[in-house]
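Asks: Sharing start.txt here; it has compact mmCIF, C-alpha atoms.
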```txt
# COMPACT_ATOMS: atom_id res chain seq x y z
CA MET A 982 -29.17 -41.04 8.63
CA SER A 983 -29.54 -43.19 11.77
CA LYS A 984 -31.79 -42.31 14.66
CA ARG A 985 -28.74 -41.58 16.79
CA SER A 986 -27.44 -39.08 14.21
CA ASN A 987 -30.80 -37.37 14.05
CA GLN A 988 -30.80 -36.99 17.81
CA ARG A 989 -27.41 -35.34 17.73
CA LEU A 990 -28.49 -32.77 15.16
CA GLU A 991 -31.74 -32.07 16.95
CA VAL A 992 -30.00 -31.46 20.25
CA SER A 993 -27.34 -29.32 18.66
CA LYS A 994 -29.90 -27.12 16.95
CA SER A 995 -32.15 -26.65 19.92
CA ALA A 996 -29.39 -26.23 22.48
CA ILE A 997 -26.59 -24.34 20.81
CA ASP A 998 -25.93 -24.13 17.12
CA VAL A 999 -22.19 -24.28 17.09
CA PHE A 1000 -22.05 -27.36 19.33
CA ALA A 1001 -22.74 -29.88 16.60
CA VAL A 1002 -21.66 -33.11 18.27
CA SER A 1003 -19.25 -33.60 21.10
CA THR A 1004 -16.41 -35.42 19.39
CA SER A 1005 -12.95 -34.00 19.99
CA ASP A 1006 -12.85 -32.39 16.56
CA GLN A 1007 -16.07 -30.57 17.01
CA VAL A 1008 -15.22 -29.46 20.50
CA LEU A 1009 -12.20 -27.81 18.94
CA SER A 1010 -14.44 -26.26 16.29
CA TYR A 1011 -16.75 -24.99 19.03
CA ARG A 1012 -13.85 -23.48 20.91
CA ARG A 1013 -12.66 -21.68 17.83
CA THR A 1014 -16.08 -20.32 17.04
CA CYS A 1015 -16.56 -18.93 20.52
CA ASN A 1016 -12.99 -17.73 20.89
CA LEU A 1017 -12.61 -19.45 24.19
CA CYS A 1018 -9.21 -20.98 23.53
CA TYR A 1019 -7.54 -18.81 26.12
CA MET A 1020 -9.61 -20.23 28.97
CA ASP A 1021 -10.34 -23.72 27.76
CA SER A 1022 -8.99 -25.56 30.80
CA ALA A 1023 -11.28 -23.78 33.22
CA PHE A 1024 -14.10 -24.03 30.75
CA TRP A 1025 -13.94 -27.77 30.22
CA SER A 1026 -13.47 -28.58 33.86
CA GLU A 1027 -17.12 -27.70 34.34
CA VAL A 1028 -18.34 -30.15 31.75
CA PRO A 1029 -18.62 -33.62 33.27
CA MET A 1030 -15.92 -35.83 31.82
CA SER A 1031 -18.45 -38.52 31.00
CA THR A 1032 -20.37 -36.25 28.64
CA ARG A 1033 -17.47 -34.73 26.70
CA HIS A 1034 -17.29 -37.51 24.16
CA ASP A 1035 -20.78 -38.81 24.63
CA THR A 1036 -23.14 -38.59 21.70
CA GLY A 1037 -26.25 -39.46 23.69
CA ALA A 1038 -28.92 -36.80 23.47
CA ALA A 1039 -29.53 -36.30 27.19
CA ASN A 1040 -25.87 -35.89 28.07
CA LEU A 1041 -25.29 -33.67 25.10
CA LYS A 1042 -28.14 -31.43 26.14
CA ARG A 1043 -26.72 -31.14 29.64
CA SER A 1044 -23.27 -30.27 28.23
CA CYS A 1045 -24.77 -27.70 25.94
CA GLU A 1046 -26.60 -25.96 28.74
CA ILE A 1047 -23.40 -25.69 30.74
CA LEU A 1048 -21.56 -24.41 27.71
CA ARG A 1049 -24.21 -21.85 26.86
CA LYS A 1050 -24.28 -20.39 30.36
CA ARG A 1051 -20.54 -20.24 30.47
CA MET A 1052 -20.42 -18.61 27.07
CA GLN A 1053 -22.87 -15.91 28.14
CA ASN A 1054 -20.79 -15.14 31.20
CA ASN A 1055 -17.65 -15.27 29.19
CA ASN A 1056 -18.88 -12.92 26.47
CA SER A 1057 -19.70 -10.17 28.90
CA PHE A 1058 -16.38 -10.80 30.62
CA HIS A 1059 -14.67 -10.61 27.20
CA GLU A 1060 -16.39 -7.33 26.33
CA ASP A 1061 -15.36 -5.76 29.63
CA SER A 1062 -11.77 -6.94 29.43
CA PHE A 1063 -10.90 -6.11 25.83
CA GLN A 1064 -12.18 -2.68 24.88
CA VAL A 1065 -10.62 -0.84 21.92
CA ARG A 1066 -9.47 2.68 22.76
CA LYS A 1067 -7.05 5.32 21.48
CA LEU A 1068 -3.37 5.05 22.35
CA GLU A 1069 -2.48 6.94 25.52
CA ILE A 1070 0.91 8.26 26.51
CA SER A 1071 1.01 5.90 29.50
CA ASP A 1072 0.74 2.87 27.18
CA LYS A 1073 4.50 2.76 26.68
CA SER A 1074 4.82 1.35 30.19
CA LYS A 1075 2.10 -1.21 29.40
CA GLY A 1076 4.15 -3.00 26.76
CA PHE A 1077 3.10 -1.08 23.62
CA ILE A 1078 6.61 -1.06 22.12
CA GLU A 1079 7.18 -4.72 23.05
CA LEU A 1080 3.95 -5.54 21.21
CA LEU A 1081 5.18 -3.75 18.06
CA GLN A 1082 8.36 -5.81 18.29
CA GLN A 1083 6.24 -8.85 17.48
CA LEU A 1084 5.36 -7.18 14.17
CA THR A 1085 8.73 -6.08 12.82
CA VAL A 1086 12.08 -4.53 13.67
CA CYS A 1087 11.41 -2.15 16.55
CA ASP A 1088 14.32 -1.28 18.80
CA SER A 1089 13.69 0.11 22.24
CA VAL A 1090 12.29 3.64 22.15
CA SER A 1091 13.31 6.12 24.85
CA GLU A 1092 10.68 7.95 26.92
CA LYS A 1093 11.63 11.19 25.18
CA GLN A 1094 11.40 9.71 21.68
CA PHE A 1095 8.04 8.15 22.51
CA GLU A 1096 6.61 11.36 23.88
CA GLU A 1097 7.81 13.41 20.92
CA ARG A 1098 6.34 11.03 18.37
CA PHE A 1099 3.14 10.63 20.40
CA ARG A 1100 2.59 14.40 20.51
CA GLU A 1101 3.48 14.78 16.83
CA LEU A 1102 0.90 12.18 15.82
CA SER A 1103 -1.71 13.57 18.23
CA SER A 1104 -1.34 16.97 16.55
CA TYR A 1105 -2.82 15.45 13.36
CA GLY A 1106 -6.11 14.86 15.22
CA ASP A 1107 -8.47 12.60 13.26
CA ASP A 1108 -5.93 12.34 10.43
CA HIS A 1109 -3.81 9.88 12.41
CA LEU A 1110 -5.27 7.40 14.85
CA ILE A 1111 -3.54 4.63 16.77
CA CYS A 1112 -5.83 2.35 18.72
CA VAL A 1113 -5.02 -0.35 21.27
CA ILE A 1114 -6.67 -3.08 23.29
CA GLU A 1115 -5.58 -3.31 26.90
CA ASP A 1116 -6.20 -6.55 28.76
CA ASN A 1117 -7.85 -5.16 31.87
CA ARG A 1118 -6.89 -8.23 33.89
CA SER A 1119 -3.16 -7.86 33.31
CA GLY A 1120 -2.92 -4.17 32.39
CA LYS A 1121 -0.97 -5.12 29.25
CA ILE A 1122 -1.51 -3.77 25.72
CA VAL A 1123 -2.36 -6.89 23.70
CA ALA A 1124 -3.40 -5.47 20.32
CA THR A 1125 -2.87 -2.36 18.23
CA GLY A 1126 -3.33 -0.87 14.77
CA SER A 1127 -3.23 2.55 13.13
CA VAL A 1128 -4.94 4.44 10.34
CA PHE A 1129 -3.85 7.68 8.74
CA THR A 1130 -5.70 9.81 6.24
CA GLU A 1131 -4.29 10.79 2.88
CA LYS A 1132 -5.89 13.80 1.21
CA LYS A 1133 -6.10 13.68 -2.56
CA PHE A 1134 -7.31 15.70 -5.53
CA ILE A 1135 -8.90 12.71 -7.23
CA ARG A 1136 -12.42 11.56 -6.32
CA ASN A 1137 -13.66 15.07 -5.63
CA CYS A 1138 -10.72 15.93 -3.41
CA GLY A 1139 -11.33 12.62 -1.64
CA LYS A 1140 -9.62 11.03 1.33
CA VAL A 1141 -8.14 7.56 1.73
CA GLY A 1142 -7.52 5.74 5.00
CA HIS A 1143 -4.27 3.77 5.19
CA ILE A 1144 -4.27 1.00 7.79
CA GLU A 1145 -0.84 0.09 9.17
CA ASP A 1146 0.88 -1.85 11.94
CA VAL A 1147 -1.88 -4.20 13.07
CA VAL A 1148 -0.61 -6.74 15.58
CA VAL A 1149 -2.07 -8.94 18.32
CA ASP A 1150 0.04 -10.25 21.18
CA SER A 1151 0.95 -13.92 20.68
CA SER A 1152 -0.66 -14.83 24.01
CA ALA A 1153 -3.96 -13.22 23.03
CA ARG A 1154 -4.55 -14.66 19.56
CA GLY A 1155 -7.73 -16.54 18.71
CA MET A 1156 -10.01 -14.03 20.45
CA GLN A 1157 -10.76 -11.96 17.35
CA LEU A 1158 -8.95 -8.97 18.81
CA GLY A 1159 -7.35 -8.33 15.38
CA LYS A 1160 -10.80 -8.12 13.81
CA LYS A 1161 -11.91 -5.76 16.59
CA ILE A 1162 -8.93 -3.50 15.91
CA VAL A 1163 -9.45 -3.48 12.13
CA GLU A 1164 -13.18 -2.79 12.47
CA PHE A 1165 -12.40 0.13 14.77
CA LEU A 1166 -9.95 1.55 12.20
CA ILE A 1167 -12.42 1.02 9.33
CA ASP A 1168 -15.15 2.82 11.31
CA HIS A 1169 -12.80 5.71 11.97
CA ALA A 1170 -11.89 6.03 8.28
CA ARG A 1171 -15.54 5.87 7.22
CA SER A 1172 -16.70 8.38 9.83
CA THR A 1173 -13.99 10.88 8.86
CA GLY A 1174 -15.13 10.86 5.22
CA CYS A 1175 -12.71 8.50 3.47
CA TYR A 1176 -14.04 6.95 0.26
CA LYS A 1177 -11.96 3.81 0.79
CA VAL A 1178 -9.55 2.22 3.21
CA ILE A 1179 -6.47 0.28 2.07
CA LEU A 1180 -3.65 -1.75 3.56
CA ASP A 1181 -0.78 -4.00 2.55
CA CYS A 1182 -0.42 -7.51 3.95
CA SER A 1183 1.27 -10.82 3.30
CA THR A 1184 -0.65 -13.41 1.31
CA ASP A 1185 -0.88 -15.41 4.57
CA ASN A 1186 -3.07 -12.66 6.07
CA ARG A 1187 -5.32 -12.21 3.05
CA VAL A 1188 -8.08 -14.47 4.39
CA PHE A 1189 -8.16 -12.57 7.69
CA TYR A 1190 -8.64 -9.25 5.88
CA GLU A 1191 -11.24 -10.77 3.57
CA LYS A 1192 -13.21 -11.65 6.70
CA CYS A 1193 -12.93 -7.95 7.62
CA GLY A 1194 -14.53 -7.00 4.27
CA PHE A 1195 -11.43 -6.31 2.17
CA LYS A 1196 -10.66 -7.47 -1.35
CA GLN A 1197 -7.28 -7.94 -2.95
CA LYS A 1198 -6.59 -5.28 -5.56
CA GLU A 1199 -2.99 -4.48 -6.43
CA ILE A 1200 0.55 -5.40 -5.43
CA GLN A 1201 2.84 -3.58 -3.05
CA MET A 1202 6.30 -2.49 -4.21
CA VAL A 1203 9.03 -1.42 -1.81
CA LYS A 1204 12.44 0.22 -1.97
CA TYR A 1205 14.55 0.20 1.20
CA PHE A 1206 17.11 2.93 1.88
CA ILE A 1207 18.81 1.12 4.76
CA MET B 1342 30.25 -13.88 -38.46
CA SER B 1343 30.70 -12.38 -41.97
CA LYS B 1344 32.98 -9.44 -42.69
CA ARG B 1345 29.89 -7.35 -43.40
CA SER B 1346 28.40 -8.22 -40.00
CA ASN B 1347 31.63 -7.33 -38.27
CA GLN B 1348 31.67 -3.95 -39.99
CA ARG B 1349 28.19 -3.26 -38.75
CA LEU B 1350 29.07 -4.01 -35.16
CA GLU B 1351 32.27 -2.00 -35.36
CA VAL B 1352 30.46 1.03 -36.69
CA SER B 1353 27.74 0.70 -34.14
CA LYS B 1354 30.19 0.52 -31.29
CA SER B 1355 32.36 3.42 -32.38
CA ALA B 1356 29.55 5.67 -33.50
CA ILE B 1357 26.73 5.18 -31.11
CA ASP B 1358 26.11 2.18 -28.91
CA VAL B 1359 22.42 1.95 -29.19
CA PHE B 1360 22.42 2.14 -33.00
CA ALA B 1361 23.32 -1.49 -33.61
CA VAL B 1362 22.35 -1.89 -37.26
CA SER B 1363 19.96 0.13 -39.28
CA THR B 1364 17.22 -2.36 -40.02
CA SER B 1365 13.69 -1.22 -39.36
CA ASP B 1366 13.47 -3.22 -36.15
CA GLN B 1367 16.58 -1.73 -34.71
CA VAL B 1368 15.65 1.77 -35.72
CA LEU B 1369 12.56 1.23 -33.63
CA SER B 1370 14.71 -0.09 -30.82
CA TYR B 1371 16.95 2.97 -31.13
CA ARG B 1372 13.99 5.27 -30.99
CA ARG B 1373 12.70 3.59 -27.89
CA THR B 1374 16.05 3.70 -26.15
CA CYS B 1375 16.50 7.38 -26.77
CA ASN B 1376 12.89 8.25 -26.13
CA LEU B 1377 12.57 10.12 -29.36
CA CYS B 1378 9.22 8.72 -30.38
CA TYR B 1379 7.51 12.03 -29.93
CA MET B 1380 9.62 13.70 -32.60
CA ASP B 1381 10.47 10.85 -34.92
CA SER B 1382 9.14 12.44 -38.12
CA ALA B 1383 11.35 15.51 -37.83
CA PHE B 1384 14.21 13.37 -36.65
CA TRP B 1385 14.21 10.90 -39.50
CA SER B 1386 13.72 13.52 -42.16
CA GLU B 1387 17.33 14.52 -41.55
CA VAL B 1388 18.65 11.02 -42.18
CA PRO B 1389 19.07 10.41 -45.93
CA MET B 1390 16.44 7.92 -47.07
CA SER B 1391 19.10 5.85 -48.83
CA THR B 1392 20.96 5.16 -45.59
CA ARG B 1393 18.06 4.25 -43.37
CA HIS B 1394 17.99 0.61 -44.33
CA ASP B 1395 21.55 0.43 -45.62
CA THR B 1396 23.91 -1.92 -43.83
CA GLY B 1397 27.06 -0.60 -45.53
CA ALA B 1398 29.60 0.70 -43.06
CA ALA B 1399 30.17 4.14 -44.63
CA ASN B 1400 26.49 5.00 -44.90
CA LEU B 1401 25.84 3.66 -41.45
CA LYS B 1402 28.58 5.82 -40.02
CA ARG B 1403 27.11 8.89 -41.70
CA SER B 1404 23.66 8.08 -40.34
CA CYS B 1405 25.07 7.55 -36.91
CA GLU B 1406 26.80 10.91 -36.89
CA ILE B 1407 23.58 12.65 -37.82
CA LEU B 1408 21.73 10.70 -35.16
CA ARG B 1409 24.29 11.47 -32.49
CA LYS B 1410 24.25 15.21 -33.13
CA ARG B 1411 20.53 15.26 -33.19
CA MET B 1412 20.38 13.26 -29.99
CA GLN B 1413 22.73 15.66 -28.22
CA ASN B 1414 20.61 18.62 -29.27
CA ASN B 1415 17.52 16.75 -28.38
CA ASN B 1416 18.75 15.74 -24.94
CA SER B 1417 19.48 19.29 -23.91
CA PHE B 1418 16.16 20.31 -25.41
CA HIS B 1419 14.51 17.48 -23.47
CA GLU B 1420 16.18 18.55 -20.22
CA ASP B 1421 15.07 22.15 -20.67
CA SER B 1422 11.52 21.25 -21.63
CA PHE B 1423 10.70 18.63 -19.01
CA GLN B 1424 11.91 19.71 -15.59
CA VAL B 1425 10.35 18.19 -12.47
CA ARG B 1426 9.12 20.76 -9.97
CA LYS B 1427 6.65 21.07 -7.09
CA LEU B 1428 2.97 21.57 -7.83
CA GLU B 1429 2.01 25.24 -7.96
CA ILE B 1430 -1.42 26.72 -7.43
CA SER B 1431 -1.49 27.95 -11.03
CA ASP B 1432 -1.14 24.37 -12.32
CA LYS B 1433 -4.89 23.80 -12.19
CA SER B 1434 -5.21 26.00 -15.28
CA LYS B 1435 -2.45 24.00 -16.97
CA GLY B 1436 -4.41 20.75 -17.08
CA PHE B 1437 -3.38 19.20 -13.75
CA ILE B 1438 -6.88 17.87 -12.96
CA GLU B 1439 -7.37 16.65 -16.55
CA LEU B 1440 -4.10 14.73 -16.20
CA LEU B 1441 -5.34 13.04 -13.01
CA GLN B 1442 -8.48 12.06 -14.90
CA GLN B 1443 -6.27 9.76 -17.01
CA LEU B 1444 -5.39 7.91 -13.79
CA THR B 1445 -8.77 7.30 -12.18
CA VAL B 1446 -12.15 8.77 -11.36
CA CYS B 1447 -11.58 12.49 -10.91
CA ASP B 1448 -14.52 14.77 -11.42
CA SER B 1449 -13.96 18.43 -12.10
CA VAL B 1450 -12.65 20.31 -9.08
CA SER B 1451 -13.75 23.90 -8.47
CA GLU B 1452 -11.19 26.69 -8.02
CA LYS B 1453 -12.16 26.95 -4.37
CA GLN B 1454 -11.88 23.21 -3.72
CA PHE B 1455 -8.50 23.13 -5.44
CA GLU B 1456 -7.14 26.07 -3.47
CA GLU B 1457 -8.34 24.67 -0.17
CA ARG B 1458 -6.80 21.25 -0.76
CA PHE B 1459 -3.62 22.83 -2.16
CA ARG B 1460 -3.14 24.97 0.97
CA GLU B 1461 -4.00 22.06 3.26
CA LEU B 1462 -1.35 19.87 1.65
CA SER B 1463 1.19 22.70 1.55
CA SER B 1464 0.80 23.12 5.31
CA TYR B 1465 2.34 19.67 5.77
CA GLY B 1466 5.61 20.96 4.31
CA ASP B 1467 8.03 18.14 3.49
CA ASP B 1468 5.53 15.57 4.77
CA HIS B 1469 3.45 15.86 1.62
CA LEU B 1470 4.91 16.60 -1.78
CA ILE B 1471 3.21 16.67 -5.16
CA CYS B 1472 5.54 17.13 -8.13
CA VAL B 1473 4.74 17.79 -11.76
CA ILE B 1474 6.43 18.05 -15.14
CA GLU B 1475 5.30 20.92 -17.30
CA ASP B 1476 5.97 20.76 -21.03
CA ASN B 1477 7.54 24.17 -21.51
CA ARG B 1478 6.62 24.19 -25.18
CA SER B 1479 2.90 23.80 -24.62
CA GLY B 1480 2.60 25.01 -21.02
CA LYS B 1481 0.71 21.82 -20.15
CA ILE B 1482 1.26 19.60 -17.10
CA VAL B 1483 2.20 16.24 -18.61
CA ALA B 1484 3.24 14.18 -15.58
CA THR B 1485 2.68 14.10 -11.84
CA GLY B 1486 3.16 12.01 -8.72
CA SER B 1487 2.99 12.47 -4.94
CA VAL B 1488 4.70 11.19 -1.82
CA PHE B 1489 3.56 11.58 1.76
CA THR B 1490 5.40 10.67 4.92
CA GLU B 1491 4.00 8.35 7.55
CA LYS B 1492 5.56 8.62 11.01
CA LYS B 1493 5.82 5.40 12.95
CA PHE B 1494 7.02 4.02 16.28
CA ILE B 1495 8.70 1.00 14.70
CA ARG B 1496 12.23 1.22 13.27
CA ASN B 1497 13.39 3.73 15.87
CA CYS B 1498 10.42 6.00 15.35
CA GLY B 1499 11.09 5.70 11.62
CA LYS B 1500 9.37 7.30 8.66
CA VAL B 1501 7.95 5.72 5.50
CA GLY B 1502 7.34 7.47 2.19
CA HIS B 1503 4.11 6.49 0.40
CA ILE B 1504 4.13 7.17 -3.33
CA GLU B 1505 0.71 7.77 -4.89
CA ASP B 1506 -1.00 9.01 -8.02
CA VAL B 1507 1.79 8.74 -10.60
CA VAL B 1508 0.55 9.45 -14.11
CA VAL B 1509 2.03 10.59 -17.43
CA ASP B 1510 -0.09 12.25 -20.12
CA SER B 1511 -0.93 9.82 -22.93
CA SER B 1512 0.67 12.17 -25.48
CA ALA B 1513 3.96 12.28 -23.55
CA ARG B 1514 4.61 8.60 -22.89
CA GLY B 1515 7.84 6.92 -23.95
CA MET B 1516 10.05 9.81 -22.78
CA GLN B 1517 10.80 8.33 -19.35
CA LEU B 1518 8.90 11.13 -17.65
CA GLY B 1519 7.32 8.59 -15.28
CA LYS B 1520 10.78 7.45 -14.21
CA LYS B 1521 11.82 11.08 -13.69
CA ILE B 1522 8.79 11.67 -11.47
CA VAL B 1523 9.35 8.51 -9.41
CA GLU B 1524 13.06 9.25 -8.96
CA PHE B 1525 12.20 12.75 -7.76
CA LEU B 1526 9.75 11.30 -5.20
CA ILE B 1527 12.27 8.65 -4.06
CA ASP B 1528 14.94 11.34 -3.59
CA HIS B 1529 12.52 13.42 -1.55
CA ALA B 1530 11.65 10.47 0.71
CA ARG B 1531 15.30 9.57 1.19
CA SER B 1532 16.38 13.15 1.90
CA THR B 1533 13.64 13.62 4.49
CA GLY B 1534 14.83 10.60 6.46
CA CYS B 1535 12.48 7.79 5.40
CA TYR B 1536 13.87 4.28 5.86
CA LYS B 1537 11.85 2.97 2.90
CA VAL B 1538 9.45 4.10 0.23
CA ILE B 1539 6.41 2.03 -0.81
CA LEU B 1540 3.63 2.13 -3.36
CA ASP B 1541 0.81 0.00 -4.74
CA CYS B 1542 0.52 -0.73 -8.45
CA SER B 1543 -1.12 -3.10 -10.89
CA THR B 1544 0.89 -6.14 -11.98
CA ASP B 1545 1.13 -4.47 -15.42
CA ASN B 1546 3.23 -1.69 -13.90
CA ARG B 1547 5.53 -3.93 -11.86
CA VAL B 1548 8.31 -3.97 -14.48
CA PHE B 1549 8.30 -0.17 -14.65
CA TYR B 1550 8.74 0.13 -10.88
CA GLU B 1551 11.40 -2.59 -10.86
CA LYS B 1552 13.36 -0.39 -13.28
CA CYS B 1553 12.99 2.38 -10.68
CA GLY B 1554 14.61 0.12 -8.04
CA PHE B 1555 11.50 -1.33 -6.36
CA LYS B 1556 10.82 -4.94 -5.44
CA GLN B 1557 7.46 -6.62 -5.01
CA LYS B 1558 6.74 -7.39 -1.37
CA GLU B 1559 3.14 -7.77 -0.26
CA ILE B 1560 -0.39 -7.51 -1.60
CA GLN B 1561 -2.75 -4.57 -1.39
CA MET B 1562 -6.22 -5.02 0.10
CA VAL B 1563 -8.98 -2.48 -0.32
CA LYS B 1564 -12.44 -1.79 1.09
CA TYR B 1565 -14.58 0.82 -0.65
CA PHE B 1566 -17.21 2.80 1.25
CA ILE B 1567 -18.90 4.20 -1.86
```
Could you quickly redo this structure as structure tokens?

Replies:
Amino acid sequence: MSKRSNQRLEVSKSAIDVFAVSTSDQVLSYRRTCNLCYMDSAFWSEVPMSTRHDTGAANLKRSCEILRKRMQNNNSFHEDSFQVRKLEISDKSKGFIELLQQLTVCDSVSEKQFEERFRELSSYGDDHLICVIEDNRSGKIVATGSVFTEKKFIRNCGKVGHIEDVVVDSSARGMQLGKKIVEFLIDHARSTGCYKVILDCSTDNRVFYEKCGFKQKEIQMVKYFI
Amino acid sequence: MSKRSNQRLEVSKSAIDVFAVSTSDQVLSYRRTCNLCYMDSAFWSEVPMSTRHDTGAANLKRSCEILRKRMQNNNSFHEDSFQVRKLEISDKSKGFIELLQQLTVCDSVSEKQFEERFRELSSYGDDHLICVIEDNRSGKIVATGSVFTEKKFIRNCGKVGHIEDVVVDSSARGMQLGKKIVEFLIDHARSTGCYKVILDCSTDNRVFYEKCGFKQKEIQMVKYFI
């Protein structure tokens, strides 16, 4: 390994682990790791142009410092803006149904229909939870998911959590909001005494759920009536 | 095709479709088709030994007549003996829990636990159904399955039936009791307004569910807490 390469690694380790070297590819990798895609223009405008593709140790160090500060600010900003909470009846007007339309067939739902179903599901208490993430900047619902509890006789009259209808708004992907939603649903299932939590997904989404701690087990079969 | 072969086919068509020719292999096939495995000794004792492996048309015809009569009697007997009905609280003493133990981990359940869970599930009315088949000869529960209804916002505030915990007693397999159970659960889901019914199964059971009208769609992911 050349001296120059060694310098790069040294700087990256001491300054910020994920910022390996500042080639375009690795900048992209950094962005992904920190989930900063959604604000990358503003972010990069603060890094002097001359240092973005510079592998010199001094410039790299300077870039890393800027990045680290920005990341710290951004993380707290992220935490404030994207809290997971339970679905509220006012969320219909914040684009909740439009978000579900990105998942599957979901015609418009009238106020009355929404209220009826909302109250019906609320009556199940802990046995049916729908959670959402509202983007506090825009007031829009940008992620949702649900979990309902099945009560069995097997496993000592055990309970199983079924996760359904997880979706993140197309404009808000890459910020790990899906993971946040799924972790919230898993925590709910665990805390209400389920012995396992299950879900069905396409093979495309398997890797995402593996990152959330799931393992593939069986296959899903379906029979449509309409 | 020889004259003899033609005779065989003619007899099989006019007498009883499934009884193609009376070689050992096809007798087995016949038994499977009619689900008579569980009573084959008594059944075959009425067919003269000389005709069982005889390909002559006259003997075949005689065998077929005996088989047909017996099958008619047996079918009505089968219908009377293996009716699908809802789970009742007295079914615990008829081996319901022991049957579930053939499906998965299911420790013994106390009377109190059983009653509590039974009443809890009953309170959901049509939203949670457990059905069973009792063998009226032995008074034992030999098959069961359940379906519960999930209420969604998608699909015009649609409903989905989830089929779970289908099992047939090892001594009662080959009589299409599993199919009877699944059809009962499908009918319940359809009649209560579900737009689809889904279930998870091993790849080994896919063909069985395809015969019940299902198609494979997605994959099941699971996360165990214990």

Asks: Which value, in Å to one decimal, gives the distance between atom CA of Ser1487 of chain B and atom CA of Phe1437 of chain B?

Replies: 12.8 Å

Asks: Grab the atom CA of Ile1527 of chain B to atom CA of Lys1204 of chain A distance for me, in Å with one decimal place.

Replies: 8.7 Å

Asks: Should the cut-off be 6 Å, what would the residue list for chain A against chain B look like, counting all atoms listed in the file, as a PyMOL selection string?

Replies: chain A and resi 1086-1088+1135-1137+1176-1183+1195-1207

Asks: Go ahead and compute the interatomic distance for atom CA of Lys1521 of chain B and atom CA of Ile1430 of chain B, in Å to one decimal.

Replies: 21.4 Å

Asks: Taking (-10.0, -6.1, 38.0) as a centre in this file's frame and 12 Å as the limit, can you find every polymer residue with an atom that close, using all atoms listed in the file, and give them as JSON, numbers by chain?

Replies: {"A": [1058, 1061, 1062, 1116, 1117, 1118, 1119, 1120]}

Asks: So that I have them on file, write out the residues from the current selection with C-alpha atoms, as an mmCIF file, keeping the file's coordinate frame.

Replies:
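File written: again17.cif
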```
data_model
loop_
_atom_site.group_PDB
_atom_site.id
_atom_site.type_symbol
_atom_site.label_atom_id
_atom_site.label_comp_id
_atom_site.auth_asym_id
_atom_site.auth_seq_id
_atom_site.Cartn_x
_atom_site.Cartn_y
_atom_site.Cartn_z
ATOM 1 C CA PHE A 1058 -16.380 -10.800 30.620
ATOM 2 C CA ASP A 1061 -15.360 -5.760 29.630
ATOM 3 C CA SER A 1062 -11.770 -6.940 29.430
ATOM 4 C CA ASP A 1116 -6.200 -6.550 28.760
ATOM 5 C CA ASN A 1117 -7.850 -5.160 31.870
ATOM 6 C CA ARG A 1118 -6.890 -8.230 33.890
ATOM 7 C CA SER A 1119 -3.160 -7.860 33.310
ATOM 8 C CA GLY A 1120 -2.920 -4.170 32.390
#
```
